[in-house]
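Visitor: Okay, so here is run-v5.cif, and as you'll see once you scroll down, it has mmCIF, C-alpha atoms.
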data_start
#
loop_
_atom_site.label_atom_id
_atom_site.label_comp_id
_atom_site.auth_asym_id
_atom_site.auth_seq_id
_atom_site.Cartn_x
_atom_site.Cartn_y
_atom_site.Cartn_z
CA MET E 25 188.79 247.30 52.29
CA ALA E 26 190.14 245.82 55.51
CA GLU E 27 191.09 242.66 53.65
CA ARG E 28 193.04 244.58 51.03
CA LYS E 29 194.85 246.67 53.63
CA GLY E 30 196.04 243.57 55.44
CA ALA E 31 197.13 242.01 52.19
CA VAL E 32 199.31 244.94 51.24
CA ALA E 33 200.92 245.03 54.66
CA GLY E 34 201.72 241.37 54.33
CA ALA E 35 203.26 241.84 50.91
CA GLU E 36 205.72 244.27 52.40
CA ALA E 37 206.56 241.89 55.25
CA VAL E 38 207.27 238.66 53.36
CA PRO E 39 210.60 239.34 51.61
CA GLY E 40 212.35 240.82 54.60
CA GLU E 41 210.80 238.42 57.14
CA ARG E 42 209.74 241.40 59.24
CA GLY E 43 206.53 239.56 59.89
CA HIS E 44 204.92 236.34 58.76
CA GLY E 45 201.33 237.43 58.65
CA GLY E 46 200.17 234.31 60.47
CA ALA E 47 199.54 230.84 59.19
CA GLY E 48 197.48 230.76 56.04
CA ALA E 49 197.90 234.45 55.30
CA ALA E 50 197.34 235.56 51.74
CA VAL E 51 199.87 238.33 51.93
CA SER E 52 199.32 240.08 48.64
CA LEU E 53 196.14 240.67 46.78
CA GLY E 54 195.51 242.63 43.63
CA ASP E 55 195.13 242.55 39.89
CA GLY E 56 197.06 239.83 38.05
CA TRP E 57 200.55 240.58 36.80
CA ASP E 58 201.71 237.85 34.44
CA ASN E 59 198.34 237.49 32.79
CA ASP E 60 197.95 241.25 32.19
CA ASP E 61 194.43 241.39 33.53
CA GLY E 62 195.59 243.97 36.06
CA ALA E 63 195.80 247.71 36.14
CA GLY E 64 199.60 247.89 36.32
CA ARG E 65 201.51 250.88 37.68
CA ARG E 66 203.31 253.93 36.40
CA PRO E 67 204.44 253.93 39.36
CA GLU E 68 201.05 254.72 40.87
CA ASP E 69 201.35 253.71 44.54
CA GLU E 70 202.68 256.57 46.62
CA ALA E 71 205.66 254.70 48.10
CA GLY E 72 206.86 253.59 44.67
CA ARG E 73 206.32 257.02 43.17
CA GLY E 74 208.31 258.65 45.95
CA VAL E 75 211.27 256.33 45.45
CA VAL E 76 211.37 256.81 41.68
CA VAL E 77 211.01 260.59 41.88
CA ALA E 78 213.73 260.87 44.54
CA PHE E 79 216.08 258.73 42.45
CA GLY E 80 215.39 260.85 39.37
CA GLN E 81 216.12 264.05 41.25
CA THR E 82 219.37 262.61 42.56
CA MET E 83 220.46 261.55 39.07
CA LYS E 84 219.61 264.98 37.67
CA THR E 85 221.58 266.73 40.42
CA LEU E 86 224.63 264.58 39.65
CA ARG E 87 224.25 265.16 35.90
CA VAL E 88 224.08 268.93 36.34
CA ARG E 89 227.06 268.81 38.69
CA GLU E 90 229.05 267.07 35.94
CA GLY E 91 228.00 269.71 33.43
CA LEU E 92 226.31 267.23 31.09
CA GLU E 93 223.31 268.10 28.97
CA ARG E 94 220.59 265.48 28.70
CA GLU E 95 221.51 264.81 25.07
CA GLU E 96 225.14 263.99 25.89
CA PHE E 97 224.24 261.99 29.01
CA GLY E 98 221.67 260.06 27.03
CA ARG E 99 224.18 259.35 24.25
CA ARG E 100 226.59 257.81 26.74
CA LEU E 101 223.84 255.63 28.21
CA GLY E 102 222.27 254.74 24.88
CA TYR E 103 219.04 256.70 25.41
CA SER E 104 217.39 259.76 23.92
CA ALA E 105 217.24 263.05 25.80
CA SER E 106 213.49 262.57 26.25
CA THR E 107 214.04 259.21 27.95
CA ILE E 108 216.61 260.76 30.29
CA ALA E 109 214.02 263.42 31.12
CA SER E 110 211.51 260.67 31.90
CA PHE E 111 214.00 259.02 34.26
CA GLU E 112 214.77 262.30 36.01
CA GLN E 113 211.10 263.22 36.37
CA GLY E 114 210.15 259.81 37.75
CA ARG E 115 207.93 258.91 34.79
CA ARG E 116 210.03 255.93 33.70
CA ILE E 117 212.02 253.42 35.73
CA PRO E 118 215.60 252.63 34.64
CA SER E 119 216.91 249.07 34.68
CA PRO E 120 219.58 248.04 37.21
CA ARG E 121 222.15 247.99 34.39
CA THR E 122 221.21 251.55 33.41
CA ILE E 123 221.60 252.70 37.01
CA GLU E 124 225.05 251.12 37.18
CA ARG E 125 226.09 252.76 33.92
CA ALA E 126 224.72 256.15 35.04
CA ASP E 127 226.65 255.87 38.31
CA GLU E 128 229.83 255.22 36.31
CA VAL E 129 229.28 258.03 33.77
CA LEU E 130 228.45 260.56 36.49
CA GLY E 131 231.28 259.50 38.78
CA ALA E 132 228.79 258.97 41.58
CA GLY E 133 231.00 256.51 43.44
CA GLY E 134 228.18 254.05 44.04
CA LEU E 135 225.62 256.62 45.22
CA LEU E 136 223.13 255.79 42.46
CA CYS E 137 223.73 252.07 42.85
CA LEU E 138 222.42 252.32 46.41
CA TRP E 139 219.01 252.97 44.87
CA LYS E 140 218.95 249.87 42.66
CA GLU E 141 216.95 247.54 44.86
CA GLN E 142 214.36 250.15 45.83
CA VAL E 143 213.94 251.41 42.28
CA GLU E 144 213.68 247.91 40.87
CA ARG E 145 211.02 246.99 43.43
CA ALA E 146 209.07 250.16 42.63
CA GLN E 147 208.49 249.02 39.04
CA TYR E 148 206.11 246.31 40.20
CA PRO E 149 202.59 246.71 41.58
CA VAL E 150 202.54 246.55 45.39
CA PHE E 151 200.86 243.13 45.32
CA PHE E 152 203.65 241.66 43.16
CA GLN E 153 206.66 243.19 44.91
CA GLY E 154 206.91 240.32 47.38
CA MET E 155 206.89 237.78 44.57
CA ALA E 156 209.51 239.72 42.60
CA VAL E 157 211.86 239.62 45.59
CA LEU E 158 211.19 235.91 46.15
CA GLU E 159 212.13 235.17 42.55
CA LYS E 160 215.53 236.68 43.25
CA GLU E 161 215.96 234.50 46.37
CA ALA E 162 214.61 231.29 44.84
CA THR E 163 216.60 228.07 44.92
CA GLU E 164 213.68 226.43 43.14
CA LEU E 165 210.76 227.83 41.15
CA VAL E 166 208.07 225.65 39.58
CA SER E 167 205.11 226.94 37.62
CA TYR E 168 202.01 225.69 35.82
CA SER E 169 200.92 228.09 33.06
CA MET E 170 197.57 228.78 31.42
CA PRO E 171 196.00 230.74 29.65
CA VAL E 172 199.22 232.69 28.97
CA LEU E 173 202.87 231.87 29.50
CA ASN E 174 204.60 232.66 32.76
CA GLY E 175 206.25 236.07 32.38
CA LEU E 176 209.67 234.50 32.94
CA LEU E 177 209.30 232.63 29.64
CA GLN E 178 207.81 235.38 27.50
CA THR E 179 209.69 236.98 24.63
CA GLU E 180 209.57 240.76 24.38
CA GLU E 181 207.32 240.50 21.30
CA TYR E 182 204.93 238.16 23.12
CA MET E 183 204.81 240.57 26.06
CA ARG E 184 203.97 243.48 23.81
CA ALA E 185 201.26 241.47 22.04
CA LEU E 186 199.59 240.66 25.36
CA LEU E 187 199.81 244.25 26.54
CA ALA E 188 198.43 245.54 23.23
CA MET E 189 195.31 243.40 23.73
CA ARG E 190 194.45 245.05 27.03
CA ARG E 191 191.08 246.77 27.25
CA PRO E 192 190.92 249.59 28.11
CA PRO E 193 194.15 250.22 26.19
CA LEU E 194 197.41 250.91 28.03
CA ASP E 195 199.44 253.98 27.10
CA GLU E 196 202.89 253.48 25.58
CA GLU E 197 204.68 254.57 28.75
CA THR E 198 202.93 251.92 30.83
CA ILE E 199 203.65 249.27 28.21
CA GLU E 200 207.35 250.15 28.18
CA GLN E 201 207.52 249.98 31.99
CA ARG E 202 205.81 246.59 32.09
CA VAL E 203 208.05 245.15 29.38
CA ALA E 204 211.19 246.43 31.10
CA ALA E 205 210.07 245.03 34.46
CA ARG E 206 209.32 241.62 33.03
CA LEU E 207 212.63 241.42 31.17
CA VAL E 208 214.52 242.24 34.38
CA ARG E 209 212.84 239.27 36.07
CA GLN E 210 214.33 236.96 33.44
CA ASP E 211 217.79 237.50 34.91
CA ILE E 212 216.88 234.49 37.06
CA PHE E 213 217.99 232.23 34.19
CA ASP E 214 221.57 233.51 34.36
CA ARG E 215 221.90 233.75 38.13
CA ARG E 216 224.65 231.89 39.98
CA PRO E 217 224.23 229.62 41.79
CA ALA E 218 221.55 228.58 39.33
CA PRO E 219 218.10 227.85 40.79
CA PHE E 220 216.13 224.84 39.56
CA LEU E 221 213.33 226.06 37.27
CA SER E 222 210.47 223.89 36.07
CA PHE E 223 207.53 224.93 33.89
CA VAL E 224 204.51 222.94 32.76
CA LEU E 225 202.67 224.62 29.89
CA ASP E 226 199.14 223.86 28.82
CA GLU E 227 199.22 222.84 25.14
CA SER E 228 196.66 225.53 24.29
CA LEU E 229 199.32 228.18 24.97
CA LEU E 230 201.46 226.88 22.13
CA GLY E 231 198.86 227.39 19.44
CA ARG E 232 197.54 230.83 20.23
CA PRO E 233 199.09 233.33 17.78
CA TYR E 234 199.08 236.36 20.06
CA GLY E 235 200.60 239.15 18.00
CA GLY E 236 200.62 237.02 14.84
CA LYS E 237 202.24 233.84 13.60
CA ALA E 238 205.74 235.37 13.57
CA VAL E 239 205.46 236.27 17.26
CA LEU E 240 204.22 232.78 18.11
CA ARG E 241 207.05 231.18 16.17
CA GLY E 242 209.60 233.34 17.95
CA GLN E 243 208.06 232.38 21.28
CA LEU E 244 208.22 228.66 20.49
CA GLU E 245 211.86 228.97 19.41
CA HIS E 246 212.59 230.83 22.64
CA LEU E 247 211.07 228.01 24.68
CA LEU E 248 213.40 225.54 22.99
CA LEU E 249 216.42 227.72 23.78
CA VAL E 250 215.45 228.21 27.41
CA GLY E 251 214.73 224.50 27.76
CA GLN E 252 218.33 223.71 26.80
CA LYS E 253 219.61 225.27 30.02
CA ARG E 254 220.74 222.58 32.45
CA ASN E 255 218.74 224.02 35.33
CA VAL E 256 215.51 224.40 33.35
CA GLU E 257 212.84 221.83 32.50
CA ILE E 258 209.88 222.65 30.27
CA GLN E 259 206.99 220.23 29.88
CA VAL E 260 203.77 220.34 27.89
CA MET E 261 200.39 219.24 29.21
CA PRO E 262 198.62 217.80 26.12
CA LEU E 263 195.00 218.66 25.44
CA ASP E 264 194.10 215.00 25.07
CA ARG E 265 195.00 214.15 28.66
CA GLU E 266 191.98 212.73 30.46
CA ASP E 267 193.50 213.71 33.82
CA ASN E 268 194.92 217.15 34.55
CA ALA E 269 195.46 218.19 38.16
CA GLY E 270 195.92 221.78 37.04
CA VAL E 271 192.29 222.42 36.16
CA ASN E 272 191.98 225.03 38.92
CA GLY E 273 194.35 227.37 37.11
CA PRO E 274 197.94 228.64 37.02
CA PHE E 275 200.21 228.88 40.05
CA THR E 276 203.87 229.18 40.97
CA VAL E 277 205.73 227.69 43.94
CA VAL E 278 208.96 229.40 45.04
CA THR E 279 211.36 227.70 47.47
CA ARG E 280 213.97 229.74 49.31
CA LYS E 281 217.34 228.63 50.63
CA ASP E 282 215.83 228.10 54.08
CA GLY E 283 213.40 225.59 52.55
CA LYS E 284 210.32 227.74 53.02
CA LYS E 285 207.84 227.61 50.15
CA PHE E 286 205.59 230.39 48.90
CA VAL E 287 202.69 230.01 46.49
CA TYR E 288 201.63 232.65 44.00
CA ALA E 289 198.36 232.14 42.14
CA GLU E 290 196.16 234.15 39.85
CA ALA E 291 192.48 233.73 39.06
CA ARG E 292 190.17 236.16 37.25
CA GLY E 293 192.78 238.89 37.47
CA ILE E 294 193.37 238.46 41.20
CA GLY E 295 196.84 237.54 42.44
CA SER E 296 197.69 236.21 45.90
CA LEU E 297 200.93 235.20 47.61
CA GLN E 298 200.47 232.50 50.25
CA THR E 299 202.96 232.10 53.12
CA ASP E 300 201.29 229.24 54.98
CA PRO E 301 203.80 226.32 55.07
CA GLU E 302 200.99 223.80 54.66
CA GLN E 303 199.77 225.53 51.49
CA GLY E 304 203.33 225.51 50.14
CA VAL E 305 203.68 221.77 50.70
CA LEU E 306 200.28 221.05 49.14
CA ALA E 307 200.99 223.21 46.10
CA ALA E 308 204.38 221.56 45.58
CA ALA E 309 202.72 218.14 45.77
CA LEU E 310 200.06 219.25 43.30
CA TYR E 311 202.75 220.44 40.91
CA GLY E 312 204.43 217.05 41.17
CA ILE E 313 201.20 215.39 40.06
CA ILE E 314 200.87 217.83 37.15
CA ARG E 315 204.42 217.08 36.03
CA SER E 316 203.74 213.36 36.11
CA GLN E 317 200.68 213.83 33.89
CA ALA E 318 202.48 216.02 31.34
CA LEU E 319 204.85 215.01 28.58
CA SER E 320 208.46 214.49 29.69
CA PRO E 321 210.94 217.30 28.96
CA ARG E 322 212.32 215.35 25.98
CA GLU E 323 208.85 214.59 24.63
CA SER E 324 207.88 218.24 25.14
CA THR E 325 210.89 219.43 23.15
CA GLU E 326 209.93 217.12 20.30
CA PHE E 327 206.34 218.34 20.54
CA ILE E 328 207.37 222.00 20.19
CA GLU E 329 209.74 221.11 17.36
CA ARG E 330 206.87 219.48 15.49
CA LEU E 331 204.78 222.63 15.94
CA LEU E 332 207.60 224.68 14.44
CA GLY E 333 207.89 222.26 11.54
CA SER E 334 204.20 222.36 10.67
CA PRO E 335 202.96 224.89 8.09
#
Can I see the file as C-alpha cells?

Guide:
Amino acid sequence: MAERKGAVAGAEAVPGERGHGGAGAAVSLGDGWDNDDGAGRRPEDEAGRGVVVAFGQTMKTLRVREGLEREEFGRRLGYSASTIASFEQGRRIPSPRTIERADEVLGAGGLLCLWKEQVERAQYPVFFQGMAVLEKEATELVSYSMPVLNGLLQTEEYMRALLAMRRPPLDEETIEQRVAARLVRQDIFDRRPAPFLSFVLDESLLGRPYGGKAVLRGQLEHLLLVGQKRNVEIQVMPLDREDNAGVNGPFTVVTRKDGKKFVYAEARGIGSLQTDPEQGVLAAALYGIIRSQALSPRESTEFIERLLGSP
C-alpha cells in the first residue's frame, strides 16, 4: 500500500513539475490503460469525481439561469436530454469542444472553459493522468506496440471491440467514457507545432480481427491515413525477424520541450511512468534499436497495403 500511495503522489507531481519524485521514481502505478486490462474510472477517484460533479452543477446553474430546458440545451449541443442530465450529474464527462460550445450557448463568458483542463484530466485514471498531460506537452513521442495498438492509433470501432472483450464486462457508460477519453488524446496529430510521432507495431497486431474483419480493415486503412502525415512514421516489426529488441513488451517515450524524457510502460495490466533521466535515455536508445530492426516506413506502408489487398 505504501508503494501505491507514493506512486499516486508522483503522478500528480510530474506534469506540473511540483516535485520530481527522485531519480528512478516510478511515479504512477495502476491498471493498464491502452491495453484495457485495467479497471477504468467513471470517474471513481474522489478528486476526479469532485471536479466532474462541480462542473456539472455549474453548467446546470447556468442553464437554468438562461431558462433552457435540457431538451433545448441538448439540441443546441447535439446531445439528448438524458446525456445533458449525465453531464450535469457528473456521470459523464464532456469533451473540451462540448465545454466550449456549452459556454457559448449559455453565455458563460469563459466560465465553463476554465474547467476544461481539470475536467479533461478527470476522465483518466489517476495513474494515467500524468501521461495524458505529457502527451499534450510532447515534442516527440515514440512507441512500440504489442499486443494491441497504442490508443493514439486506434479507430473508434477498434476501441469499442477491445472494450467489449473485457471480462468482467464494462457497462455502457464506462465504455462511452473510455472511448471519448481516447479520442480526445488523438488531437495530438493535429496540434501545432506538430510533434514528431513514431510507432513500431508488432506484425501480430495487424492480423487480429478484434471486432470482426470489417473493424480490422478499417483499422488498417486508418493506419495508412495516419502514416501519411508528415510528422508521423509507422513501422512494422515482422514476425520473421530473428532479432527483436522489443521482446520485453510495449512502451512509450515522451520528450518535452525542455528535452526531458519520460517512459510509460505496461506489463500484465500494470502501468508505470518513469521520470529517471537515465531510464529515459535507455528507453529512447532501445526504441532506436527496435526501429532499425523493423521494416522502413515505406516498406511498412506496402506491407499494410498488401494485407488490405489479400482476401

Visitor: Name the residues, using the chain letters and numbers of the file, that sit within 10 Å of (215.9, 264.0, 39.5) when counting only C-alpha atoms, and give them as a list in words.

Guide: Val76, Val77, Ala78, Phe79, Gly80, Gln81, Thr82, Met83, Lys84, Thr85, Leu86, Arg87, Ile108, Ala109, Ser110, Phe111, Glu112, Gln113 and Gly114 of chain E

Visitor: Give as an mmCIF file with C-alpha atoms, in the frame of the given file each residue that has an atom at most 12 Å from (220.0, 220.1, 33.0) in the file, counting only C-alpha atoms.

Guide:
data_model
loop_
_atom_site.group_PDB
_atom_site.id
_atom_site.type_symbol
_atom_site.label_atom_id
_atom_site.label_comp_id
_atom_site.auth_asym_id
_atom_site.auth_seq_id
_atom_site.Cartn_x
_atom_site.Cartn_y
_atom_site.Cartn_z
ATOM 1 C CA ALA E 218 221.550 228.580 39.330
ATOM 2 C CA PRO E 219 218.100 227.850 40.790
ATOM 3 C CA PHE E 220 216.130 224.840 39.560
ATOM 4 C CA LEU E 221 213.330 226.060 37.270
ATOM 5 C CA SER E 222 210.470 223.890 36.070
ATOM 6 C CA VAL E 250 215.450 228.210 27.410
ATOM 7 C CA GLY E 251 214.730 224.500 27.760
ATOM 8 C CA GLN E 252 218.330 223.710 26.800
ATOM 9 C CA LYS E 253 219.610 225.270 30.020
ATOM 10 C CA ARG E 254 220.740 222.580 32.450
ATOM 11 C CA ASN E 255 218.740 224.020 35.330
ATOM 12 C CA VAL E 256 215.510 224.400 33.350
ATOM 13 C CA GLU E 257 212.840 221.830 32.500
ATOM 14 C CA ILE E 258 209.880 222.650 30.270
ATOM 15 C CA PRO E 321 210.940 217.300 28.960
ATOM 16 C CA ARG E 322 212.320 215.350 25.980
#

Visitor: Which residues are near Leu332 of chain E? Cut-off 9 Å, all atoms listed in the file, ignore same chain within fewer than 2 positions. Put them as a list in words.

Guide: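 Final neighbour list, sorted by chain and number: Arg241, Leu244, Glu245, Phe327, Ile328, Glu329, Arg330, Ser334 and Pro335 of chain E.
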
Visitor: Next, the residues of the selection above should be written as a short mmCIF file (atom, residue, chain, number, x, y, z; two decimals), in the frame of the given file with C-alpha atoms.

Guide:
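Written file, out01.cif:
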data_model
loop_
_atom_site.label_atom_id
_atom_site.label_comp_id
_atom_site.auth_asym_id
_atom_site.auth_seq_id
_atom_site.Cartn_x
_atom_site.Cartn_y
_atom_site.Cartn_z
CA ARG E 241 207.05 231.18 16.17
CA LEU E 244 208.22 228.66 20.49
CA GLU E 245 211.86 228.97 19.41
CA PHE E 327 206.34 218.34 20.54
CA ILE E 328 207.37 222.00 20.19
CA GLU E 329 209.74 221.11 17.36
CA ARG E 330 206.87 219.48 15.49
CA SER E 334 204.20 222.36 10.67
CA PRO E 335 202.96 224.89 8.09
#

Visitor: Nearest to Phe286 of chain E: which of E:Leu207, E:Leu247, E:Leu306, E:Ile313 is it, counting all atoms listed in the file?

Guide: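 Among the listed residues, the smallest separation from Phe286 of chain E belongs to E:Leu306.
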
Visitor: So, with all atoms listed in the file as the atoms that count, which of E:Ser324, E:Gln147, E:Gln298, E:Ser106 lies closest to Val75 of chain E?

Guide: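 Among the listed residues, the smallest separation from Val75 of chain E belongs to E:Gln147.
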
Visitor: Enclose segment 71-83 of chain E, meaning all of its atoms listed in the file, in a box aligned along x, y and z, pad it by 8 Å on each side, and list the centre and edge lengths in Å to one decimal, as JSON.

Guide:
{"center_x": 213.1, "center_y": 258.8, "center_z": 43.6, "size_x": 30.8, "size_y": 26.5, "size_z": 25.0}

Visitor: From the list E:Arg265, E:Arg232, E:His246, E:Arg145, which residue is nearest Arg73 of chain E when using all atoms listed in the file?

Guide: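 Closest to Arg73 of chain E, using all atoms listed in the file: E:Arg145.
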
Visitor: From the options E:Glu323, E:Asp267, E:Asp282, E:Glu95, which residue's atoms come nearest to Glu161 of chain E, counting only C-alpha atoms?

Guide: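 Result for the nearest residue to Glu161 of chain E: E:Asp282.
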
Visitor: Given the choices E:Arg206, E:Arg116, E:Lys160, E:Arg215, which gets closest to Lys281 of chain E if the distance is worked out from all atoms listed in the file?

Guide: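 Closest to Lys281 of chain E, using all atoms listed in the file: E:Lys160.
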